[in-house]
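The file start.tsv comes next; it holds TSV, C-alpha atoms and all ligand atoms.
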```
chain	number	residue	atom	x	y	z
A	256	MET	CA	-17.51	-52.10	222.83
A	257	ARG	CA	-19.45	-48.89	223.06
A	258	LYS	CA	-22.13	-47.88	220.62
A	259	HIS	CA	-22.28	-44.97	218.22
A	260	ILE	CA	-25.37	-42.98	219.09
A	261	VAL	CA	-27.00	-39.93	217.53
A	262	ALA	CA	-29.87	-38.45	219.53
A	263	GLY	CA	-32.15	-35.60	218.50
A	264	ASN	CA	-33.40	-33.19	221.15
A	265	TRP	CA	-36.36	-31.36	219.66
A	266	LYS	CA	-36.60	-29.13	222.77
A	267	MET	CA	-39.81	-27.03	222.95
A	268	ASN	CA	-40.48	-26.89	219.22
A	269	LEU	CA	-43.16	-27.97	216.72
A	270	THR	CA	-46.92	-28.37	216.81
A	271	PHE	CA	-48.48	-31.82	216.70
A	272	ASP	CA	-48.90	-31.66	212.91
A	273	GLN	CA	-45.34	-30.48	212.42
A	274	ALA	CA	-44.05	-33.25	214.67
A	275	ASN	CA	-46.01	-35.78	212.65
A	276	GLU	CA	-44.61	-34.38	209.40
A	277	LEU	CA	-41.03	-34.44	210.68
A	278	ALA	CA	-41.42	-38.03	211.85
A	279	GLU	CA	-42.72	-39.02	208.41
A	280	GLN	CA	-39.82	-37.25	206.69
A	281	LEU	CA	-37.42	-39.00	209.03
A	282	MET	CA	-38.89	-42.40	208.20
A	283	ASP	CA	-38.65	-41.67	204.47
A	284	ALA	CA	-35.02	-40.58	204.76
A	285	LEU	CA	-34.06	-43.54	206.95
A	286	GLU	CA	-35.66	-46.05	204.62
A	287	LYS	CA	-33.21	-45.01	201.93
A	288	CYS	CA	-29.99	-45.29	203.90
A	289	ASN	CA	-27.91	-47.71	205.88
A	290	LEU	CA	-26.98	-46.44	209.31
A	291	ASN	CA	-24.73	-49.39	209.98
A	292	LYS	CA	-24.65	-49.83	213.70
A	293	THR	CA	-25.34	-46.22	214.69
A	294	GLU	CA	-28.26	-46.04	217.11
A	295	LEU	CA	-30.73	-43.25	216.54
A	296	ILE	CA	-32.84	-41.75	219.32
A	297	VAL	CA	-35.50	-39.05	218.92
A	298	CYS	CA	-36.51	-36.98	221.96
A	299	PRO	CA	-39.68	-34.99	221.19
A	300	PRO	CA	-41.69	-32.90	223.68
A	301	PHE	CA	-43.83	-34.94	226.12
A	302	PRO	CA	-47.15	-34.60	224.23
A	303	TYR	CA	-45.66	-36.24	221.14
A	304	LEU	CA	-43.93	-39.20	222.80
A	305	GLU	CA	-46.63	-41.66	221.93
A	306	LEU	CA	-46.87	-40.44	218.35
A	307	LEU	CA	-43.12	-40.89	217.92
A	308	SER	CA	-43.19	-44.26	219.65
A	309	ASP	CA	-45.66	-45.46	217.03
A	310	PHE	CA	-43.27	-44.36	214.29
A	311	GLY	CA	-40.28	-45.82	216.08
A	312	SER	CA	-41.83	-49.21	216.69
A	313	ASP	CA	-40.32	-50.66	213.51
A	314	SER	CA	-36.91	-49.85	214.98
A	315	TYR	CA	-35.51	-47.13	212.68
A	316	PHE	CA	-35.11	-45.06	215.82
A	317	MET	CA	-35.76	-45.26	219.53
A	318	VAL	CA	-37.71	-42.66	221.44
A	319	GLY	CA	-36.69	-40.75	224.54
A	320	ALA	CA	-38.07	-38.00	226.75
A	321	GLN	CA	-36.31	-34.70	227.43
A	322	ASN	CA	-36.81	-34.65	231.18
A	323	VAL	CA	-38.34	-36.53	234.10
A	324	ASN	CA	-39.35	-35.58	237.63
A	325	ASP	CA	-37.11	-36.56	240.52
A	326	ASN	CA	-39.96	-38.07	242.57
A	327	GLU	CA	-41.59	-41.43	242.02
A	328	ARG	CA	-45.22	-40.19	241.85
A	329	GLY	CA	-47.75	-38.00	243.62
A	330	ALA	CA	-48.91	-34.39	243.95
A	331	TYR	CA	-46.45	-32.69	241.58
A	332	THR	CA	-48.72	-30.80	239.20
A	333	GLY	CA	-47.47	-30.59	235.65
A	334	GLU	CA	-44.69	-33.11	236.13
A	335	VAL	CA	-43.96	-36.44	234.45
A	336	SER	CA	-42.55	-39.51	236.22
A	337	ALA	CA	-40.18	-42.26	235.15
A	338	GLU	CA	-43.01	-44.72	235.74
A	339	MET	CA	-45.16	-42.87	233.16
A	340	LEU	CA	-42.34	-42.87	230.62
A	341	ALA	CA	-41.80	-46.58	231.19
A	342	SER	CA	-45.50	-47.22	230.62
A	343	LEU	CA	-45.04	-45.74	227.12
A	344	GLU	CA	-42.17	-48.19	226.63
A	345	LEU	CA	-39.64	-45.42	226.12
A	346	THR	CA	-36.03	-46.50	226.09
A	347	HIS	CA	-34.18	-43.26	226.92
A	348	CYS	CA	-34.50	-39.93	228.72
A	349	ILE	CA	-32.28	-36.85	228.70
A	350	VAL	CA	-31.32	-35.71	232.19
A	351	GLY	CA	-29.60	-32.57	233.43
A	352	HIS	CA	-29.64	-30.64	230.18
A	353	SER	CA	-27.98	-27.25	230.68
A	354	GLU	CA	-31.26	-25.50	229.85
A	355	ARG	CA	-32.83	-27.34	232.81
A	356	ARG	CA	-29.88	-26.51	235.02
A	357	LEU	CA	-29.85	-22.82	234.02
A	358	TYR	CA	-33.55	-21.97	233.66
A	359	TYR	CA	-35.07	-24.32	236.24
A	360	GLY	CA	-32.28	-24.48	238.78
A	361	GLU	CA	-31.80	-28.21	238.46
A	362	THR	CA	-29.07	-29.44	240.81
A	363	ASN	CA	-26.66	-32.37	240.62
A	364	GLU	CA	-28.53	-33.88	243.56
A	365	GLN	CA	-31.86	-33.78	241.68
A	366	ILE	CA	-30.15	-35.20	238.63
A	367	ALA	CA	-28.89	-38.13	240.75
A	368	HIS	CA	-32.49	-38.82	241.86
A	369	LYS	CA	-33.80	-38.61	238.30
A	370	VAL	CA	-31.16	-41.07	237.15
A	371	ASP	CA	-32.12	-43.47	239.96
A	372	HIS	CA	-35.83	-43.34	239.05
A	373	LEU	CA	-35.13	-43.89	235.36
A	374	LEU	CA	-32.84	-46.84	236.00
A	375	GLY	CA	-35.46	-48.25	238.35
A	376	HIS	CA	-37.80	-48.34	235.36
A	377	ASN	CA	-35.24	-49.67	232.87
A	378	ILE	CA	-34.91	-46.38	230.99
A	379	LYS	CA	-31.41	-45.35	229.93
A	380	PRO	CA	-30.50	-41.84	231.08
A	381	ILE	CA	-28.63	-39.57	228.67
A	382	VAL	CA	-26.91	-37.42	231.27
A	383	CYS	CA	-25.72	-33.99	230.17
A	384	CYS	CA	-22.72	-32.14	231.52
A	385	GLY	CA	-20.79	-29.09	230.40
A	386	GLU	CA	-19.43	-25.74	231.43
A	387	VAL	CA	-20.68	-22.21	230.73
A	388	LEU	CA	-18.49	-19.70	228.89
A	389	GLU	CA	-17.19	-17.92	232.01
A	390	GLU	CA	-16.09	-21.27	233.44
A	391	ARG	CA	-14.18	-22.16	230.28
A	392	GLU	CA	-12.61	-18.71	230.13
A	393	ALA	CA	-11.48	-19.19	233.72
A	394	GLY	CA	-10.00	-22.59	232.83
A	395	LYS	CA	-12.47	-24.35	235.13
A	396	GLN	CA	-14.19	-26.62	232.58
A	397	PHE	CA	-12.64	-29.86	233.85
A	398	GLU	CA	-13.40	-29.05	237.47
A	399	VAL	CA	-17.04	-28.23	236.61
A	400	VAL	CA	-17.64	-31.37	234.58
A	401	GLU	CA	-15.94	-33.53	237.20
A	402	ARG	CA	-18.26	-32.18	239.92
A	403	GLN	CA	-21.35	-32.69	237.73
A	404	LEU	CA	-20.44	-36.32	237.10
A	405	LYS	CA	-19.32	-37.14	240.63
A	406	GLU	CA	-22.40	-35.62	242.25
A	407	GLY	CA	-24.91	-36.69	239.61
A	408	LEU	CA	-23.70	-40.15	238.65
A	409	PHE	CA	-20.86	-41.64	240.64
A	410	HIS	CA	-23.15	-42.90	243.41
A	411	LEU	CA	-24.24	-45.63	240.99
A	412	SER	CA	-22.97	-49.20	241.19
A	413	GLU	CA	-20.79	-50.41	238.33
A	414	ARG	CA	-23.67	-52.48	237.03
A	415	ALA	CA	-26.11	-49.55	237.06
A	416	PHE	CA	-23.56	-47.25	235.45
A	417	GLY	CA	-23.46	-49.62	232.48
A	418	ASN	CA	-26.82	-48.15	231.41
A	419	ILE	CA	-25.63	-44.54	231.35
A	420	ILE	CA	-25.00	-42.47	228.23
A	421	ILE	CA	-23.13	-39.21	228.77
A	422	ALA	CA	-23.53	-36.08	226.66
A	423	TYR	CA	-20.87	-33.39	226.92
A	424	GLU	CA	-22.50	-30.14	225.88
A	425	PRO	CA	-20.40	-27.02	226.40
A	426	VAL	CA	-23.10	-24.44	227.15
A	427	TRP	CA	-21.38	-21.76	225.06
A	428	ALA	CA	-21.79	-24.01	221.99
A	429	ILE	CA	-25.51	-24.73	222.37
A	430	GLY	CA	-27.67	-22.99	219.78
A	431	THR	CA	-24.92	-20.43	219.15
A	432	GLY	CA	-23.44	-21.85	215.95
A	433	LYS	CA	-20.13	-21.83	217.85
A	434	THR	CA	-19.07	-25.49	217.90
A	435	ALA	CA	-16.30	-26.77	220.13
A	436	THR	CA	-13.28	-27.61	218.01
A	437	PRO	CA	-12.68	-31.33	217.48
A	438	GLN	CA	-9.64	-30.94	219.77
A	439	GLN	CA	-11.69	-29.34	222.56
A	440	ALA	CA	-14.31	-32.06	222.27
A	441	GLN	CA	-11.74	-34.89	222.27
A	442	GLU	CA	-9.88	-33.38	225.22
A	443	MET	CA	-13.01	-33.23	227.38
A	444	HIS	CA	-14.34	-36.62	226.25
A	445	ALA	CA	-10.99	-38.26	227.09
A	446	PHE	CA	-11.08	-36.51	230.48
A	447	ILE	CA	-14.60	-37.82	231.14
A	448	ARG	CA	-13.61	-41.34	230.12
A	449	GLY	CA	-10.62	-41.08	232.46
A	450	LEU	CA	-12.94	-40.16	235.35
A	451	ILE	CA	-15.14	-43.17	234.58
A	452	ARG	CA	-12.05	-45.39	234.42
A	453	GLY	CA	-10.92	-44.13	237.80
A	454	ARG	CA	-14.30	-44.81	239.40
A	455	TYR	CA	-15.51	-47.95	237.58
A	456	GLY	CA	-12.49	-49.45	235.80
A	457	ALA	CA	-11.32	-49.76	232.22
A	458	THR	CA	-14.06	-52.04	230.90
A	459	THR	CA	-16.90	-49.76	231.97
A	460	ALA	CA	-15.01	-46.70	230.71
A	461	ASP	CA	-14.44	-48.31	227.32
A	462	ASP	CA	-18.08	-49.35	227.07
A	463	THR	CA	-19.63	-45.96	227.92
A	464	SER	CA	-20.88	-43.88	224.98
A	465	ILE	CA	-19.98	-40.20	225.35
A	466	LEU	CA	-21.85	-37.92	222.95
A	467	TYR	CA	-20.97	-34.37	221.95
A	468	GLY	CA	-23.66	-31.67	221.79
A	469	GLY	CA	-23.55	-28.01	220.78
A	470	SER	CA	-24.10	-26.71	217.24
A	471	CYS	CA	-23.35	-30.13	215.75
A	472	LYS	CA	-24.37	-29.93	212.07
A	473	PRO	CA	-23.92	-31.98	208.89
A	474	ASN	CA	-20.86	-29.88	207.99
A	475	ASN	CA	-18.94	-30.50	211.21
A	476	ALA	CA	-20.21	-33.87	212.46
A	477	LYS	CA	-17.61	-35.93	210.58
A	478	GLU	CA	-14.70	-34.03	212.11
A	479	LEU	CA	-16.17	-34.30	215.60
A	480	PHE	CA	-17.09	-37.98	215.32
A	481	ALA	CA	-13.64	-38.85	213.97
A	482	ASN	CA	-12.21	-38.37	217.48
A	483	PRO	CA	-11.54	-41.61	219.34
A	484	ASP	CA	-13.55	-40.60	222.41
A	485	VAL	CA	-16.50	-38.96	220.66
A	486	ASP	CA	-19.12	-41.67	220.25
A	487	GLY	CA	-21.88	-39.63	218.66
A	488	GLY	CA	-23.94	-36.50	219.15
A	489	LEU	CA	-26.85	-34.94	220.97
A	490	ILE	CA	-28.36	-32.72	218.32
A	491	GLY	CA	-30.65	-29.74	218.89
A	492	GLY	CA	-31.46	-27.42	215.97
A	493	ALA	CA	-30.31	-29.79	213.23
A	494	SER	CA	-32.57	-32.56	214.53
A	495	LEU	CA	-35.59	-30.49	213.43
A	496	LYS	CA	-34.66	-31.09	209.78
A	497	ALA	CA	-34.92	-34.73	208.75
A	498	ASP	CA	-32.21	-34.53	206.10
A	499	ASP	CA	-29.73	-32.78	208.40
A	500	PHE	CA	-30.36	-35.20	211.24
A	501	VAL	CA	-29.90	-38.23	209.00
A	502	ALA	CA	-26.78	-36.67	207.43
A	503	ILE	CA	-25.31	-36.29	210.92
A	504	ALA	CA	-26.19	-39.88	211.73
A	505	LEU	CA	-24.36	-40.96	208.58
A	506	SER	CA	-21.21	-39.05	209.58
A	507	PHE	CA	-19.36	-41.97	211.18
B	601	LIG	P1	-27.92	-27.24	219.23
B	601	LIG	O1	-27.52	-28.42	218.39
B	601	LIG	O2	-29.11	-26.51	218.72
B	601	LIG	O3	-26.74	-26.36	219.53
B	601	LIG	O4	-28.39	-27.85	220.65
B	601	LIG	C1	-27.60	-28.77	221.30
B	601	LIG	C2	-28.36	-29.31	222.45
B	601	LIG	O5	-28.59	-28.62	223.42
B	601	LIG	C3	-28.84	-30.70	222.38
B	601	LIG	O6	-29.33	-31.13	223.59
```
Can you give me the file's structure in the form of structure tokens?
Amino acid sequence: MRKHIVAGNWKMNLTFDQANELAEQLMDALEKCNLNKTELIVCPPFPYLELLSDFGSDSYFMVGAQNVNDNERGAYTGEVSAEMLASLELTHCIVGHSERRLYYGETNEQIAHKVDHLLGHNIKPIVCCGEVLEEREAGKQFEVVERQLKEGLFHLSERAFGNIIIAYEPVWAIGTGKTATPQQAQEMHAFIRGLIRGRYGATTADDTSILYGGSCKPNNAKELFANPDVDGGLIGGASLKADDFVAIALSF
């Protein structure tokens, strides 16, 4: 059966010293609690990946990147490849975050290439999908998410798809304090699982972890995670506070 996963996306925050301090606080907090079987992943900015990997090596949490380039290697100044991430022994990488789609024009086609490169290096992609406010107001959220998944992911074989984690992040809920209701989250997660079932069959659909992201906090995580198709969270702001992040992870 699928795993419960809570992943922290630090985005473009913290200096090196602050990142070090947060990692130490996280270790202290995790030492004192029992996460059961919930998997924890921390996704810091690129320059801190190795620092976090050193902290994560005793397995309290795994470490992931926030992005990867869609080419294998070469003259792409300022970019980071899947091969480089693999050489740091990272386990996960976020792909297709709405901030990348909106601010850097990332397309479903690029996302498909990124996923392929990551899987080629045994890194599990955490693939983000979700609609913007105008799309939800126009009742187009299901259509939008379906296109993102079909174009970004459904080229994969059943075997390859087994390594995918999906994060549904309604864009209007990210960093706004406006969380999707548990009903809205469940409705979309069940829809996504149905799409996976249609493409890959019931076993793969049942085994795929689908995370919710968007203003997920200690005070609403329990309600969100109580839904049958919500298998965890992708946490932005609250992952920058060790106690809040751990409290969310303990919300199953
Ligand atoms: P917030 O939790 O800050 O809304 O961010 C969610 C997110 O974008 C995680 O990737």
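In this comparison, which uses only C-alpha atoms, the residue of A:Gly311, A:Pro299, A:Pro380, A:Gly487 approaching Leu285 in chain A most closely is A:Gly311.
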* To do: Name the residues, by chain letter and number, that sit within 10 Å of ligand LIG 601 (chain B) using only C-alpha atoms and all ligand atoms, and give them as an MDAnalysis selection string.
  => chainID A and resid 262:266 298 321 349:354 381 383 422:434 467:472 488:495
Include C-alpha atoms and write out the residues we just selected as a PDB file, in the coordinates of the input.
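Generated file (again_28.pdb):
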```
ATOM      1  CA  ALA A 262     -29.870 -38.450 219.530  1.00  0.00           C
ATOM      2  CA  GLY A 263     -32.150 -35.600 218.500  1.00  0.00           C
ATOM      3  CA  ASN A 264     -33.400 -33.190 221.150  1.00  0.00           C
ATOM      4  CA  TRP A 265     -36.360 -31.360 219.660  1.00  0.00           C
ATOM      5  CA  LYS A 266     -36.600 -29.130 222.770  1.00  0.00           C
ATOM      6  CA  CYS A 298     -36.510 -36.980 221.960  1.00  0.00           C
ATOM      7  CA  GLN A 321     -36.310 -34.700 227.430  1.00  0.00           C
ATOM      8  CA  ILE A 349     -32.280 -36.850 228.700  1.00  0.00           C
ATOM      9  CA  VAL A 350     -31.320 -35.710 232.190  1.00  0.00           C
ATOM     10  CA  GLY A 351     -29.600 -32.570 233.430  1.00  0.00           C
ATOM     11  CA  HIS A 352     -29.640 -30.640 230.180  1.00  0.00           C
ATOM     12  CA  SER A 353     -27.980 -27.250 230.680  1.00  0.00           C
ATOM     13  CA  GLU A 354     -31.260 -25.500 229.850  1.00  0.00           C
ATOM     14  CA  ILE A 381     -28.630 -39.570 228.670  1.00  0.00           C
ATOM     15  CA  CYS A 383     -25.720 -33.990 230.170  1.00  0.00           C
ATOM     16  CA  ALA A 422     -23.530 -36.080 226.660  1.00  0.00           C
ATOM     17  CA  TYR A 423     -20.870 -33.390 226.920  1.00  0.00           C
ATOM     18  CA  GLU A 424     -22.500 -30.140 225.880  1.00  0.00           C
ATOM     19  CA  PRO A 425     -20.400 -27.020 226.400  1.00  0.00           C
ATOM     20  CA  VAL A 426     -23.100 -24.440 227.150  1.00  0.00           C
ATOM     21  CA  TRP A 427     -21.380 -21.760 225.060  1.00  0.00           C
ATOM     22  CA  ALA A 428     -21.790 -24.010 221.990  1.00  0.00           C
ATOM     23  CA  ILE A 429     -25.510 -24.730 222.370  1.00  0.00           C
ATOM     24  CA  GLY A 430     -27.670 -22.990 219.780  1.00  0.00           C
ATOM     25  CA  THR A 431     -24.920 -20.430 219.150  1.00  0.00           C
ATOM     26  CA  GLY A 432     -23.440 -21.850 215.950  1.00  0.00           C
ATOM     27  CA  LYS A 433     -20.130 -21.830 217.850  1.00  0.00           C
ATOM     28  CA  THR A 434     -19.070 -25.490 217.900  1.00  0.00           C
ATOM     29  CA  TYR A 467     -20.970 -34.370 221.950  1.00  0.00           C
ATOM     30  CA  GLY A 468     -23.660 -31.670 221.790  1.00  0.00           C
ATOM     31  CA  GLY A 469     -23.550 -28.010 220.780  1.00  0.00           C
ATOM     32  CA  SER A 470     -24.100 -26.710 217.240  1.00  0.00           C
ATOM     33  CA  CYS A 471     -23.350 -30.130 215.750  1.00  0.00           C
ATOM     34  CA  LYS A 472     -24.370 -29.930 212.070  1.00  0.00           C
ATOM     35  CA  GLY A 488     -23.940 -36.500 219.150  1.00  0.00           C
ATOM     36  CA  LEU A 489     -26.850 -34.940 220.970  1.00  0.00           C
ATOM     37  CA  ILE A 490     -28.360 -32.720 218.320  1.00  0.00           C
ATOM     38  CA  GLY A 491     -30.650 -29.740 218.890  1.00  0.00           C
ATOM     39  CA  GLY A 492     -31.460 -27.420 215.970  1.00  0.00           C
ATOM     40  CA  ALA A 493     -30.310 -29.790 213.230  1.00  0.00           C
ATOM     41  CA  SER A 494     -32.570 -32.560 214.530  1.00  0.00           C
ATOM     42  CA  LEU A 495     -35.590 -30.490 213.430  1.00  0.00           C
TER      43      LEU A 495
END
```
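Comparing the minimum interatomic distances between Pro302 in chain A and each of A:Ser314, A:Asn289, A:Asn268, A:Gln280, counting all atoms listed in the file, we find that A:Asn268 sits nearest.
If all atoms listed in the file are the atoms counted, then among A:Phe446, A:Lys292, A:Ser412, A:Ala320 the closest residue to Met256 in chain A is A:Lys292.
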* Structure fact -> If you count only C-alpha atoms, the residue of A:Val399, A:Ala457, A:Ala502, A:Met443 closest to Val485 in chain A turns out to be A:Met443
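Comparing the minimum interatomic distances between Ala476 in chain A and each of A:Leu343, A:Val318, A:Ile447, A:Val261, counting all atoms listed in the file, we find that A:Val261 sits nearest.
Those residues that approach Arg355 in chain A to within 10 Å, counting all atoms listed in the file, are Gln321, Asn322, Glu361 and Thr362 of chain A; same-chain residues fewer than 6 positions away are not listed.
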* To do: Go through A:Met317, A:Ile378, A:Ile419, A:Ala393 one by one, measure the shortest atom-to-atom distance of each to Ser342 in chain A using all atoms listed in the file, and give the residue with the smallest value.
  => A:Ile378
* Neighbours of Pro437 in chain A within 6 Å (only C-alpha atoms; same-chain residues fewer than 2 positions away dropped), as a ChimeraX atom specification? -> /A:439-440,479
Fix up range 459-469 of chain A with all heavy atoms, then write it as a compact mmCIF listing (two decimals), keeping the file's coordinate frame.
```txt
# COMPACT_ATOMS: atom_id res chain seq x y z
N THR A 459 -15.74 -50.66 231.97
CA THR A 459 -16.90 -49.76 231.97
C THR A 459 -16.59 -48.48 231.21
O THR A 459 -17.41 -47.99 230.42
CB THR A 459 -17.32 -49.42 233.43
OG1 THR A 459 -17.57 -50.65 234.11
CG2 THR A 459 -18.57 -48.56 233.47
N ALA A 460 -15.39 -47.95 231.41
CA ALA A 460 -15.01 -46.70 230.71
C ALA A 460 -15.03 -46.92 229.20
O ALA A 460 -15.55 -46.08 228.45
CB ALA A 460 -13.63 -46.25 231.17
N ASP A 461 -14.49 -48.04 228.76
CA ASP A 461 -14.44 -48.31 227.32
C ASP A 461 -15.83 -48.56 226.74
O ASP A 461 -16.06 -48.35 225.55
CB ASP A 461 -13.55 -49.54 227.03
CG ASP A 461 -12.08 -49.21 227.23
OD1 ASP A 461 -11.75 -48.01 227.28
OD2 ASP A 461 -11.28 -50.15 227.35
N ASP A 462 -16.74 -49.03 227.56
CA ASP A 462 -18.08 -49.35 227.07
C ASP A 462 -19.06 -48.18 227.12
O ASP A 462 -20.18 -48.28 226.62
CB ASP A 462 -18.67 -50.51 227.91
CG ASP A 462 -18.00 -51.84 227.58
OD1 ASP A 462 -17.25 -51.88 226.58
OD2 ASP A 462 -18.23 -52.81 228.31
N THR A 463 -18.69 -47.09 227.77
CA THR A 463 -19.63 -45.96 227.92
C THR A 463 -19.61 -45.05 226.69
O THR A 463 -18.54 -44.55 226.30
CB THR A 463 -19.27 -45.13 229.18
OG1 THR A 463 -19.27 -46.00 230.32
CG2 THR A 463 -20.28 -44.01 229.40
N SER A 464 -20.78 -44.81 226.11
CA SER A 464 -20.88 -43.88 224.98
C SER A 464 -20.91 -42.45 225.50
O SER A 464 -21.73 -42.12 226.36
CB SER A 464 -22.14 -44.15 224.17
OG SER A 464 -22.09 -45.45 223.62
N ILE A 465 -20.02 -41.63 224.96
CA ILE A 465 -19.98 -40.20 225.35
C ILE A 465 -20.27 -39.38 224.10
O ILE A 465 -19.50 -39.41 223.12
CB ILE A 465 -18.60 -39.82 225.94
CG1 ILE A 465 -18.23 -40.78 227.10
CG2 ILE A 465 -18.61 -38.37 226.43
CD1 ILE A 465 -16.83 -40.54 227.68
N LEU A 466 -21.39 -38.67 224.12
CA LEU A 466 -21.85 -37.92 222.95
C LEU A 466 -21.43 -36.45 223.09
O LEU A 466 -21.33 -35.93 224.20
CB LEU A 466 -23.38 -37.98 222.83
CG LEU A 466 -24.05 -39.35 223.07
CD1 LEU A 466 -25.56 -39.24 222.81
CD2 LEU A 466 -23.44 -40.41 222.17
N TYR A 467 -21.24 -35.81 221.95
CA TYR A 467 -20.97 -34.37 221.95
C TYR A 467 -22.24 -33.62 221.53
O TYR A 467 -22.95 -34.05 220.61
CB TYR A 467 -19.83 -34.01 220.97
CG TYR A 467 -19.76 -32.52 220.77
CD1 TYR A 467 -19.14 -31.71 221.71
CD2 TYR A 467 -20.42 -31.91 219.70
CE1 TYR A 467 -19.16 -30.33 221.57
CE2 TYR A 467 -20.44 -30.53 219.56
CZ TYR A 467 -19.80 -29.75 220.50
OH TYR A 467 -19.84 -28.39 220.38
N GLY A 468 -22.52 -32.51 222.18
CA GLY A 468 -23.66 -31.67 221.79
C GLY A 468 -23.28 -30.20 221.81
O GLY A 468 -22.53 -29.75 222.68
N GLY A 469 -23.82 -29.45 220.84
CA GLY A 469 -23.55 -28.01 220.78
C GLY A 469 -23.22 -27.62 219.36
O GLY A 469 -22.09 -27.78 218.91
```
